[in-house]
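K.L.:
Below you'll find the structure I mean.
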Amino acid sequence: YKDSDKNKISSQISSKFIKLKIENELNYIEDLKKGFIKIISNKNNFKANYKFNKNYFSFKLFDRLNNPNFTYKGKIDFTPFHSNLEGKAYKIDMSNLLEPDSLFIQLLKTEIFNNKNLNVESNINIKKNLRYESFNNILLNFKIREGLIDIDNTKFGWNDLVDFKILDSLIYLNKNQLILDGKLVISVKNYDKIYKFLQISKKLRPVINNIELNFNYNFDQQIANFNDIKINNQTTENIKVLKNITLKRNKLQNKIYFKKILKKAIAAYAG
């Protein structure tokens with residue numbers, strides 16, 4: 001709807017397929033146009049202020065009602081095209097981002113970002129993960145360079161006992177399945193506490209300081225595979241339990257499932 005008296009354009013876009021609704025109000029009286037947008041996706045309700053002209057587009061996204069500590073802002077330059085996006089949140093549910101039917105995953109599957117002229121750099125700092133509280137201090141890096149998508153240098157911790165870092169990653173579509181390949185670098189801070197948490201026999205507690213492995217994750221099937229495992233900089237081939245790991249339906253099931261897998265993996269390494 002165009003209101004010529006107030007120099008405003010109001011619009012609404014709805015999609016049942018990806019459960020998305022967007023309401024927008026744009027003021028076009030000046031060369032630097034300004035707007036306000038509301039985005040409703042599943043149970044999330046975000047709002048954003050934005051402005052743009054022929055040279056750039058900038059925005060600030062927020063959720064003051066449900067998550068007042070969340071902000072996401074960025075600037076996109078048109079000539080040449082480049083964007084830099086950054087955000088921070090004290091708490092966020094990362095599972096909503098990674099679910100097969102999430103808006104983020106569905107957008108990646110459209111291959112809309114696979115453009116060689118598109119360059120995007122984005123990072124989000126997250127203190128705590130709401131669904132899996134043990135994972136904290138998350139730095140999510142997301143980059144698009146010449147049509148290639150990766151999350152290199154993404155970092156997160158587990159109970160202040162282990163630090164994780166993702167390298168050499170690539171997100172791509174294979175037979176309409178969204179895949180993430182990469183290398184996972186793991187720094188162990190306190191293996192004694194980990195063994196106590198896993199309730200592992202004192203006879204099966206090898207010294208582990210660092211782990212490197214390659215991984216493959218299928219977002220649609222929610223299956224992970226780990227291979228080429230190095231422990232303390234030494235290659236090991238006797239840990240076969242880390243193949244075809246399928247995520248479970250809820251947090252408790254996943255916790256029990258992963259605990260069993262880790263105990264089997266450590267027992268296999270210890271011999």
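By order in the structure tokens, chains are A, B, ...; within a chain, residues start at 1; ligands start at 1, following the order shown.
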Contacts of stretch 107-124 of chain A at 7 Å or less, counting only C-alpha atoms, minus same-chain residues fewer than 6 places along, as a VMD selection string?
P.N.:
chain A and resid 81 to 88 139 to 148 173 178
K.L.:
Atoms to include: N, CA and C atoms. Write the selected residues as an mmCIF file, in the first residue's frame.
P.N.:
```cif
data_model
loop_
_atom_site.group_PDB
_atom_site.id
_atom_site.type_symbol
_atom_site.label_atom_id
_atom_site.label_comp_id
_atom_site.auth_asym_id
_atom_site.auth_seq_id
_atom_site.Cartn_x
_atom_site.Cartn_y
_atom_site.Cartn_z
ATOM 1 N N PHE A 81 30.169 -5.068 -4.484
ATOM 2 C CA PHE A 81 29.282 -5.690 -3.512
ATOM 3 C C PHE A 81 30.086 -6.394 -2.416
ATOM 4 N N HIS A 82 29.841 -6.002 -1.176
ATOM 5 C CA HIS A 82 30.475 -6.639 -0.023
ATOM 6 C C HIS A 82 29.639 -6.329 1.206
ATOM 7 N N SER A 83 29.517 -7.302 2.099
ATOM 8 C CA SER A 83 28.747 -7.068 3.321
ATOM 9 C C SER A 83 29.523 -7.535 4.537
ATOM 10 N N ASN A 84 29.309 -6.832 5.629
ATOM 11 C CA ASN A 84 29.901 -7.197 6.904
ATOM 12 C C ASN A 84 28.805 -7.158 7.951
ATOM 13 N N LEU A 85 28.556 -8.303 8.592
ATOM 14 C CA LEU A 85 27.450 -8.444 9.533
ATOM 15 C C LEU A 85 27.974 -8.957 10.854
ATOM 16 N N GLU A 86 27.447 -8.432 11.955
ATOM 17 C CA GLU A 86 27.879 -8.902 13.270
ATOM 18 C C GLU A 86 26.745 -8.802 14.273
ATOM 19 N N GLY A 87 26.777 -9.711 15.244
ATOM 20 C CA GLY A 87 25.724 -9.718 16.246
ATOM 21 C C GLY A 87 26.212 -10.275 17.567
ATOM 22 N N LYS A 88 25.404 -10.118 18.590
ATOM 23 C CA LYS A 88 25.734 -10.673 19.900
ATOM 24 C C LYS A 88 24.446 -11.002 20.645
ATOM 25 N N LEU A 139 31.322 -18.522 19.194
ATOM 26 C CA LEU A 139 31.610 -17.521 18.170
ATOM 27 C C LEU A 139 31.285 -18.162 16.829
ATOM 28 N N LEU A 140 30.157 -17.765 16.234
ATOM 29 C CA LEU A 140 29.719 -18.345 14.969
ATOM 30 C C LEU A 140 30.161 -17.446 13.823
ATOM 31 N N ASN A 141 31.062 -17.948 13.001
ATOM 32 C CA ASN A 141 31.519 -17.235 11.806
ATOM 33 C C ASN A 141 30.875 -17.855 10.580
ATOM 34 N N PHE A 142 30.327 -17.007 9.723
ATOM 35 C CA PHE A 142 29.666 -17.475 8.506
ATOM 36 C C PHE A 142 30.141 -16.604 7.351
ATOM 37 N N LYS A 143 30.722 -17.232 6.336
ATOM 38 C CA LYS A 143 31.293 -16.463 5.226
ATOM 39 C C LYS A 143 30.829 -17.005 3.882
ATOM 40 N N ILE A 144 30.609 -16.076 2.951
ATOM 41 C CA ILE A 144 30.348 -16.418 1.554
ATOM 42 C C ILE A 144 31.385 -15.680 0.717
ATOM 43 N N ARG A 145 32.177 -16.427 -0.031
ATOM 44 C CA ARG A 145 33.201 -15.833 -0.885
ATOM 45 C C ARG A 145 33.139 -16.474 -2.256
ATOM 46 N N GLU A 146 32.791 -15.657 -3.241
ATOM 47 C CA GLU A 146 32.702 -16.124 -4.628
ATOM 48 C C GLU A 146 31.817 -17.363 -4.744
ATOM 49 N N GLY A 147 30.703 -17.363 -4.023
ATOM 50 C CA GLY A 147 29.742 -18.444 -4.104
ATOM 51 C C GLY A 147 30.017 -19.630 -3.205
ATOM 52 N N LEU A 148 31.151 -19.637 -2.488
ATOM 53 C CA LEU A 148 31.480 -20.725 -1.564
ATOM 54 C C LEU A 148 31.141 -20.317 -0.137
ATOM 55 N N LEU A 173 25.353 -28.373 -1.381
ATOM 56 C CA LEU A 173 24.189 -29.202 -1.636
ATOM 57 C C LEU A 173 24.605 -30.412 -2.461
ATOM 58 N N LEU A 178 21.669 -30.972 2.272
ATOM 59 C CA LEU A 178 22.617 -29.946 2.680
ATOM 60 C C LEU A 178 23.710 -30.578 3.541
#
```
K.L.:
Contacts of A:Lys19 at 10 Å or less, counting only C-alpha atoms, minus same-chain residues fewer than 5 places along, as a ChimeraX atom specification?
P.N.:
/A:14,40-43,101-103
K.L.:
Limited to all heavy atoms, could you put the picked residues into a file as a compact mmCIF listing (two decimals), in the first residue's frame?
P.N.:
```
# COMPACT_ATOMS: atom_id res chain seq x y z
N SER A 14 3.86 -13.14 3.06
CA SER A 14 3.63 -14.33 3.88
C SER A 14 3.96 -15.57 3.07
O SER A 14 3.67 -15.64 1.88
CB SER A 14 2.16 -14.40 4.34
OG SER A 14 1.84 -13.30 5.16
N ILE A 40 8.39 -12.42 11.37
CA ILE A 40 7.82 -13.47 12.22
C ILE A 40 8.14 -14.80 11.56
O ILE A 40 7.68 -15.10 10.46
CB ILE A 40 6.31 -13.30 12.38
CG1 ILE A 40 5.99 -11.91 12.97
CG2 ILE A 40 5.74 -14.41 13.27
CD1 ILE A 40 4.52 -11.56 12.94
N SER A 41 8.96 -15.62 12.25
CA SER A 41 9.36 -16.93 11.73
C SER A 41 9.15 -17.96 12.83
O SER A 41 9.83 -17.90 13.86
CB SER A 41 10.82 -16.91 11.28
OG SER A 41 11.25 -18.18 10.88
N ASN A 42 8.22 -18.90 12.60
CA ASN A 42 7.83 -19.85 13.65
C ASN A 42 7.42 -19.07 14.89
O ASN A 42 6.54 -18.24 14.84
CB ASN A 42 8.96 -20.84 13.93
CG ASN A 42 9.18 -21.79 12.76
OD1 ASN A 42 8.22 -22.21 12.12
ND2 ASN A 42 10.42 -22.13 12.50
N LYS A 43 8.10 -19.28 16.04
CA LYS A 43 7.75 -18.58 17.27
C LYS A 43 8.62 -17.35 17.50
O LYS A 43 8.46 -16.66 18.51
CB LYS A 43 7.88 -19.54 18.46
CG LYS A 43 6.92 -20.72 18.42
CD LYS A 43 7.10 -21.62 19.63
CE LYS A 43 6.14 -22.80 19.58
NZ LYS A 43 6.30 -23.70 20.76
N ASP A 101 14.11 -27.96 8.96
CA ASP A 101 13.06 -27.11 8.38
C ASP A 101 13.20 -25.64 8.79
O ASP A 101 12.28 -24.84 8.57
CB ASP A 101 11.68 -27.62 8.80
CG ASP A 101 11.48 -27.63 10.31
OD1 ASP A 101 12.48 -27.47 11.04
OD2 ASP A 101 10.33 -27.81 10.76
N SER A 102 14.35 -25.25 9.36
CA SER A 102 14.54 -23.86 9.76
C SER A 102 14.68 -22.96 8.55
O SER A 102 15.04 -23.40 7.44
CB SER A 102 15.78 -23.72 10.65
OG SER A 102 16.96 -23.88 9.88
N LEU A 103 14.40 -21.68 8.73
CA LEU A 103 14.49 -20.71 7.63
C LEU A 103 15.91 -20.65 7.08
O LEU A 103 16.12 -20.61 5.85
CB LEU A 103 14.06 -19.32 8.13
CG LEU A 103 14.24 -18.16 7.15
CD1 LEU A 103 13.41 -18.39 5.90
CD2 LEU A 103 13.86 -16.84 7.82
```
K.L.:
Rank A:Lys196, A:Lys6, A:Lys38, A:Lys251 by their smallest atom-to-atom distance to A:Glu133, using only C-alpha atoms, and report the top residue only.
P.N.:
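Looking at the shortest contact to A:Glu133, the residue is A:Lys251.
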K.L.:
Can you tell me, as a VMD selection string, what residues are no more than 12 Å from A:Lys264 when counting only C-alpha atoms, ignoring any on the same chain fewer than 5 positions away?
P.N.:
chain A and resid 198 to 201 204 238 to 242 257 to 259 269 to 271
K.L.:
Residues as selected, C-alpha atoms, written as a PDB file, in the first residue's frame, can you do that?
P.N.:
```
ATOM      1  CA  LEU A 198      31.483 -39.990  31.809  1.00  0.00           C
ATOM      2  CA  GLN A 199      31.986 -42.401  34.745  1.00  0.00           C
ATOM      3  CA  ILE A 200      34.912 -44.140  33.051  1.00  0.00           C
ATOM      4  CA  SER A 201      36.967 -46.700  34.915  1.00  0.00           C
ATOM      5  CA  LEU A 204      40.727 -46.638  30.967  1.00  0.00           C
ATOM      6  CA  ASN A 238      40.700 -48.102  15.939  1.00  0.00           C
ATOM      7  CA  ILE A 239      37.838 -45.704  16.787  1.00  0.00           C
ATOM      8  CA  LYS A 240      35.015 -46.810  14.499  1.00  0.00           C
ATOM      9  CA  VAL A 241      32.140 -45.856  16.803  1.00  0.00           C
ATOM     10  CA  LEU A 242      32.238 -42.234  15.536  1.00  0.00           C
ATOM     11  CA  TYR A 257      23.405 -41.226  23.350  1.00  0.00           C
ATOM     12  CA  PHE A 258      26.546 -39.088  23.124  1.00  0.00           C
ATOM     13  CA  LYS A 259      27.708 -40.179  26.572  1.00  0.00           C
ATOM     14  CA  TYR A 269      41.479 -45.698  22.057  1.00  0.00           C
ATOM     15  CA  ALA A 270      42.719 -46.970  25.436  1.00  0.00           C
ATOM     16  CA  GLY A 271      42.722 -50.505  24.036  1.00  0.00           C
TER      17      GLY A 271
END
```
K.L.:
List every residue of stretch 28-120 of chain A that DSSP, applied to the backbone, labels as strand (DSSP E), and write the result as a ChimeraX atom specification.
P.N.:
/A:33-41,44-52,56-63,67-78,81-92,119-120
K.L.:
Looking at A:Tyr90, A:Phe226, A:Trp158, A:Phe164, which one is nearest to A:Asn69, with distances taken over only C-alpha atoms?
P.N.:
A:Tyr90
K.L.:
What's the 9 Å shell around A:Lys189, counting only C-alpha atoms, without same-chain residues fewer than 5 positions away, as a PDB file with C-alpha atoms, in the first residue's frame?
P.N.:
```
ATOM      1  CA  ASP A 160      34.813 -24.973  30.353  1.00  0.00           C
ATOM      2  CA  LEU A 161      36.484 -28.384  29.974  1.00  0.00           C
ATOM      3  CA  VAL A 162      36.945 -28.494  26.200  1.00  0.00           C
ATOM      4  CA  ASP A 163      37.384 -25.910  23.434  1.00  0.00           C
ATOM      5  CA  ASN A 209      45.424 -33.102  25.386  1.00  0.00           C
ATOM      6  CA  ASN A 210      44.267 -32.466  21.842  1.00  0.00           C
TER       7      ASN A 210
END
```
K.L.:
Given the choices A:Phe70, A:Tyr195, A:Phe46, A:Phe36, which gets closest to A:Ser58 if the distance is worked out from only C-alpha atoms?
P.N.:
A:Phe36
K.L.:
What is the distance between atom CA of A:Asp192 and atom CA of A:Asn137, in Å to one decimal?
P.N.:
21.7 Å
K.L.:
Between atom CA of A:Tyr1 and atom CA of A:Phe62, what distance in Å does the model show, to one decimal?
P.N.:
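If I compute the distance from atom CA of A:Tyr1 to atom CA of A:Phe62, I get 25.2 Å.
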K.L.:
Please measure the separation of atom CA of A:Met94 and atom CA of A:Asp63, giving the value in Å to one decimal.
P.N.:
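Here the two named atoms are 15.6 Å from each other.
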